[in-house]
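Written out below as structure tokens is the structure these notes cover.
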Amino acid sequence: MPDPRALRLLADANIPFAEDAFSRYGQVRTLVGREITRESLRETDVLLVRSVTRVDADLLAGTPVRFVASATAGTDHIDRRALADLGVGFGHAPGSNAASVVDWVLAALLHLGAATGEAVEGKTLGVVGVGEVGGRLVPRAEALGMRVLRCDPPREAGGHGGPWTPLADLLRQSDAVTLHTPLEREGAHPTFHLLGDAELAAMREGAWLLNAARGPVVDNEALLRSVAARRLGAVALDVWEGEPEPNTGLASRVDLGTPHIAGYAFDGKVRGTRMIEAALRIWLRDNGLALPAEWGPESVLAPPSPLVVHVPEGATASPADRTRWLHALARQAYPIAEDDRRFRQSVVTMPDAHRRGLAFADLRRRYPVRREWSRFRVDGPVPAALAGAVREGLGMSA
């Protein structure tokens, strides 16, 4: 085993502060994630990836890689059995971007409410998958006045949490359904095409569907048929089958579309880097190696100036009024409509699939800095009727 300060590390170029965080462990090279190949790993001890890199035996066999870490919450791009067979250690960043994804979901709900004139308050929200993201979403949605139904068969089978609602009942009863499952193609609870023609037809007519989990959790062809039939009231998608080349027929018809950036808040990205550094340190320690000083991200997380949003004007008497007010406040912190606009201009209008994929990846690579809502302070008096929604729902200090 090499000295921990002489490791050879290869990191996805889009992992923030990778060189700053990992140079204390050895030489750090960076490479665009989709360009990481077996050949590029010939002189690599530690591989640091994101979700765009498939890590399996084909990639790692015959290389000196001994540890892999993914700066992501999900691991469906990692063949963990292959890593175990090869004796390769593994770490990832569960929950690192969960707050960011919840911000995206709430921003999408408020955007759809403001656009349609419907109140978010009073709606029934069906949350499918109540893990790192879904578990955080539930109390925040309830603070916005939503009734929440939960569906998570693996957790239900394990005797965790609840109360639980079967998927069929949740689809029938919910005004909006949001998906937060991992992508599982096998096992007791597969989620590949969890929603297909039958499930989409079972949803309440006029209901909203949001997916910020994995694209193939929804059969995108079935969803296109449902959208074309105008059964659903609104659709907001951050993830797509066939990424980075989404179906333009579907992408052009959804009410809100973004290029897999729900979890891209700066805070979550930095948290992911910190978590995979911690995983590497555990692996080094377990192998009996002395450790250099750990990376401290506090200085990069501190904003250069206070992050402030301002109390908007407008009535707050009715539920629809309050939805518009909350939307006007939230969009100051995260203007989700701008992500939708850039996605349509750069990706949806591109006729060539290959160039569409390049544009999709470029939007993710050049994504502007966005901060989690918990970093923001509200300037001005918040109406008493909305104080809880702002503090516990949006997560902002007032």
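The chains in the structure tokens are called A, B, ... from first to last as shown; in each chain the residues are counted from 1, and the ligands are counted from 1 in the order shown.
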Helix (DSSP H, G or I) residues, from DSSP on the backbone, in stretch 133-210 of chain A, as a PyMOL selection string: chain A and resi 133-143+153-157+167-173+197-202
Dump as a tab-separated table (two decimals), in the first residue's frame, selection limited to C-alpha atoms:
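Wrote it out as part_28.tsv, contents follow:
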chain	number	residue	atom	x	y	z
A	133	VAL	CA	-34.49	13.50	-0.05
A	134	GLY	CA	-38.05	12.35	0.53
A	135	GLY	CA	-37.56	12.29	4.28
A	136	ARG	CA	-36.48	15.92	4.25
A	137	LEU	CA	-39.22	16.92	1.83
A	138	VAL	CA	-42.12	15.63	3.95
A	139	PRO	CA	-41.90	18.13	6.87
A	140	ARG	CA	-41.10	21.04	4.57
A	141	ALA	CA	-44.09	20.31	2.33
A	142	GLU	CA	-46.31	19.98	5.39
A	143	ALA	CA	-45.07	23.38	6.57
A	153	PRO	CA	-42.01	-0.35	0.28
A	154	PRO	CA	-38.41	-1.14	1.36
A	155	ARG	CA	-38.73	1.05	4.45
A	156	GLU	CA	-42.21	-0.26	5.15
A	157	ALA	CA	-40.92	-3.84	4.94
A	167	LEU	CA	-48.47	3.20	-4.56
A	168	ALA	CA	-51.82	2.55	-6.26
A	169	ASP	CA	-53.69	4.40	-3.50
A	170	LEU	CA	-51.16	7.24	-3.47
A	171	LEU	CA	-51.50	7.78	-7.21
A	172	ARG	CA	-55.28	7.83	-6.96
A	173	GLN	CA	-55.42	10.24	-4.00
A	197	ASP	CA	-48.98	3.55	-18.83
A	198	ALA	CA	-51.15	1.88	-16.18
A	199	GLU	CA	-49.77	3.90	-13.27
A	200	LEU	CA	-49.98	7.21	-15.12
A	201	ALA	CA	-53.57	6.42	-16.09
A	202	ALA	CA	-54.33	5.72	-12.42
Who sits within 10 Å of A:Val52, only C-alpha atoms, same chain under 2 positions skipped, as a ChimeraX atom specification: /A:12,32-36,49-50,54-55,77,243-244,361
What would the file look like if the residues just selected were written as a PDB file, in the first residue's frame with N, CA and C atoms?
ATOM      1  N   ASP A  12     -13.010  13.369 -11.384  1.00  0.00           N
ATOM      2  CA  ASP A  12     -13.861  14.040 -12.361  1.00  0.00           C
ATOM      3  C   ASP A  12     -13.614  15.544 -12.246  1.00  0.00           C
ATOM      4  N   VAL A  32     -12.580  14.974 -17.632  1.00  0.00           N
ATOM      5  CA  VAL A  32     -14.029  15.020 -17.817  1.00  0.00           C
ATOM      6  C   VAL A  32     -14.592  13.626 -17.566  1.00  0.00           C
ATOM      7  N   GLY A  33     -15.671  13.549 -16.793  1.00  0.00           N
ATOM      8  CA  GLY A  33     -16.187  12.259 -16.345  1.00  0.00           C
ATOM      9  C   GLY A  33     -16.473  11.268 -17.447  1.00  0.00           C
ATOM     10  N   ARG A  34     -17.032  11.731 -18.555  1.00  0.00           N
ATOM     11  CA  ARG A  34     -17.378  10.819 -19.650  1.00  0.00           C
ATOM     12  C   ARG A  34     -16.146  10.345 -20.414  1.00  0.00           C
ATOM     13  N   GLU A  35     -14.985  10.922 -20.117  1.00  0.00           N
ATOM     14  CA  GLU A  35     -13.755  10.536 -20.806  1.00  0.00           C
ATOM     15  C   GLU A  35     -12.873   9.635 -19.953  1.00  0.00           C
ATOM     16  N   ILE A  36     -13.342   9.239 -18.783  1.00  0.00           N
ATOM     17  CA  ILE A  36     -12.571   8.334 -17.932  1.00  0.00           C
ATOM     18  C   ILE A  36     -12.674   6.922 -18.498  1.00  0.00           C
ATOM     19  N   VAL A  49     -15.389   9.977  -8.824  1.00  0.00           N
ATOM     20  CA  VAL A  49     -16.292  10.140  -9.966  1.00  0.00           C
ATOM     21  C   VAL A  49     -17.584  10.830  -9.560  1.00  0.00           C
ATOM     22  N   ARG A  50     -18.392  11.109 -10.597  1.00  0.00           N
ATOM     23  CA  ARG A  50     -19.772  11.548 -10.442  1.00  0.00           C
ATOM     24  C   ARG A  50     -20.657  10.542 -11.162  1.00  0.00           C
ATOM     25  N   ARG A  54     -19.657   5.330 -15.506  1.00  0.00           N
ATOM     26  CA  ARG A  54     -20.027   3.972 -15.127  1.00  0.00           C
ATOM     27  C   ARG A  54     -18.779   3.258 -14.617  1.00  0.00           C
ATOM     28  N   VAL A  55     -18.832   2.795 -13.368  1.00  0.00           N
ATOM     29  CA  VAL A  55     -17.687   2.130 -12.755  1.00  0.00           C
ATOM     30  C   VAL A  55     -18.030   0.661 -12.558  1.00  0.00           C
ATOM     31  N   HIS A  77     -24.738   3.999 -10.861  1.00  0.00           N
ATOM     32  CA  HIS A  77     -23.667   3.973 -11.863  1.00  0.00           C
ATOM     33  C   HIS A  77     -22.463   3.171 -11.381  1.00  0.00           C
ATOM     34  N   GLU A 243     -30.460  10.083 -20.867  1.00  0.00           N
ATOM     35  CA  GLU A 243     -29.506  11.172 -20.628  1.00  0.00           C
ATOM     36  C   GLU A 243     -28.121  10.767 -21.136  1.00  0.00           C
ATOM     37  N   PRO A 244     -27.404  11.724 -21.747  1.00  0.00           N
ATOM     38  CA  PRO A 244     -27.693  13.163 -21.828  1.00  0.00           C
ATOM     39  C   PRO A 244     -28.478  13.580 -23.073  1.00  0.00           C
ATOM     40  N   ALA A 361     -24.824  18.158 -21.343  1.00  0.00           N
ATOM     41  CA  ALA A 361     -23.661  18.048 -20.463  1.00  0.00           C
ATOM     42  C   ALA A 361     -23.038  19.412 -20.198  1.00  0.00           C
TER      43      ALA A 361
END
Selected residue, from A:Thr181, A:Ser96, A:Thr258, A:Thr116, that lies nearest to A:His193 when counting only C-alpha atoms: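 Closest to A:His193 of all the choices is A:Thr181.
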For A:Tyr334, the nearest of the candidates A:Ala99, A:Leu47, A:Ala107, A:Ala398, counting only C-alpha atoms: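 The closest residue to A:Tyr334 is A:Ala107.
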Long-range neighbours of A:Gly74 as a list in words, 8 Å cut-off, only C-alpha atoms, 6 positions minimum in chain: Ser51, Pro94 and Pro182 of chain A
Just want the 9 Å neighbourhood of A:Cys151, counted on only C-alpha atoms, with same-chain residues fewer than 3 positions away dropped. Output as a PDB file with C-alpha atoms, in the first residue's frame.
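Everything below was put into around.pdb:
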ATOM      1  CA  GLY A 126     -47.616  11.917  -2.760  1.00  0.00           C
ATOM      2  CA  VAL A 127     -43.946  11.314  -1.950  1.00  0.00           C
ATOM      3  CA  VAL A 128     -42.613   8.087  -3.472  1.00  0.00           C
ATOM      4  CA  GLY A 129     -39.324   7.237  -1.787  1.00  0.00           C
ATOM      5  CA  VAL A 130     -38.817   8.619   1.720  1.00  0.00           C
ATOM      6  CA  ARG A 155     -38.734   1.047   4.452  1.00  0.00           C
ATOM      7  CA  GLU A 156     -42.209  -0.255   5.153  1.00  0.00           C
ATOM      8  CA  GLY A 162     -44.799   5.537   8.265  1.00  0.00           C
ATOM      9  CA  PRO A 163     -47.710   5.765   8.011  1.00  0.00           C
ATOM     10  CA  TRP A 164     -47.383   4.242   4.551  1.00  0.00           C
ATOM     11  CA  THR A 165     -49.694   4.387   1.554  1.00  0.00           C
ATOM     12  CA  PRO A 166     -49.566   1.762  -1.223  1.00  0.00           C
ATOM     13  CA  LEU A 167     -48.473   3.203  -4.561  1.00  0.00           C
ATOM     14  CA  LEU A 170     -51.164   7.237  -3.467  1.00  0.00           C
TER      15      LEU A 170
END
Taking a cut-off of 10 Å and counting only C-alpha atoms, can you build a table that, for each residue of stretch 231-333 of chain A near stretch 372-376 of chain A, reports the nearest atom pair and how far apart they are in Å (one decimal), sorted by chain then residue number, as a Markdown table?
| residue | atom | partner | partner_atom | distance |
| --- | --- | --- | --- | --- |
| A:Gly263 | CA | A:Glu372 | CA | 9.8 |
| A:Tyr264 | CA | A:Glu372 | CA | 9.5 |
| A:Ala265 | CA | A:Glu372 | CA | 6.0 |
| A:Phe266 | CA | A:Glu372 | CA | 7.5 |
| A:Asp267 | CA | A:Glu372 | CA | 6.4 |
| A:Gly268 | CA | A:Glu372 | CA | 7.9 |
| A:Leu301 | CA | A:Arg375 | CA | 9.9 |
| A:Ala302 | CA | A:Arg375 | CA | 9.4 |
| A:Pro303 | CA | A:Arg375 | CA | 8.7 |
| A:Pro306 | CA | A:Phe376 | CA | 7.7 |
| A:Leu307 | CA | A:Phe376 | CA | 4.9 |
| A:Val308 | CA | A:Phe376 | CA | 5.4 |
| A:Val309 | CA | A:Phe376 | CA | 6.7 |
| A:Ala330 | CA | A:Trp373 | CA | 8.2 |
| A:Gln332 | CA | A:Phe376 | CA | 9.9 |
| A:Ala333 | CA | A:Trp373 | CA | 6.6 |
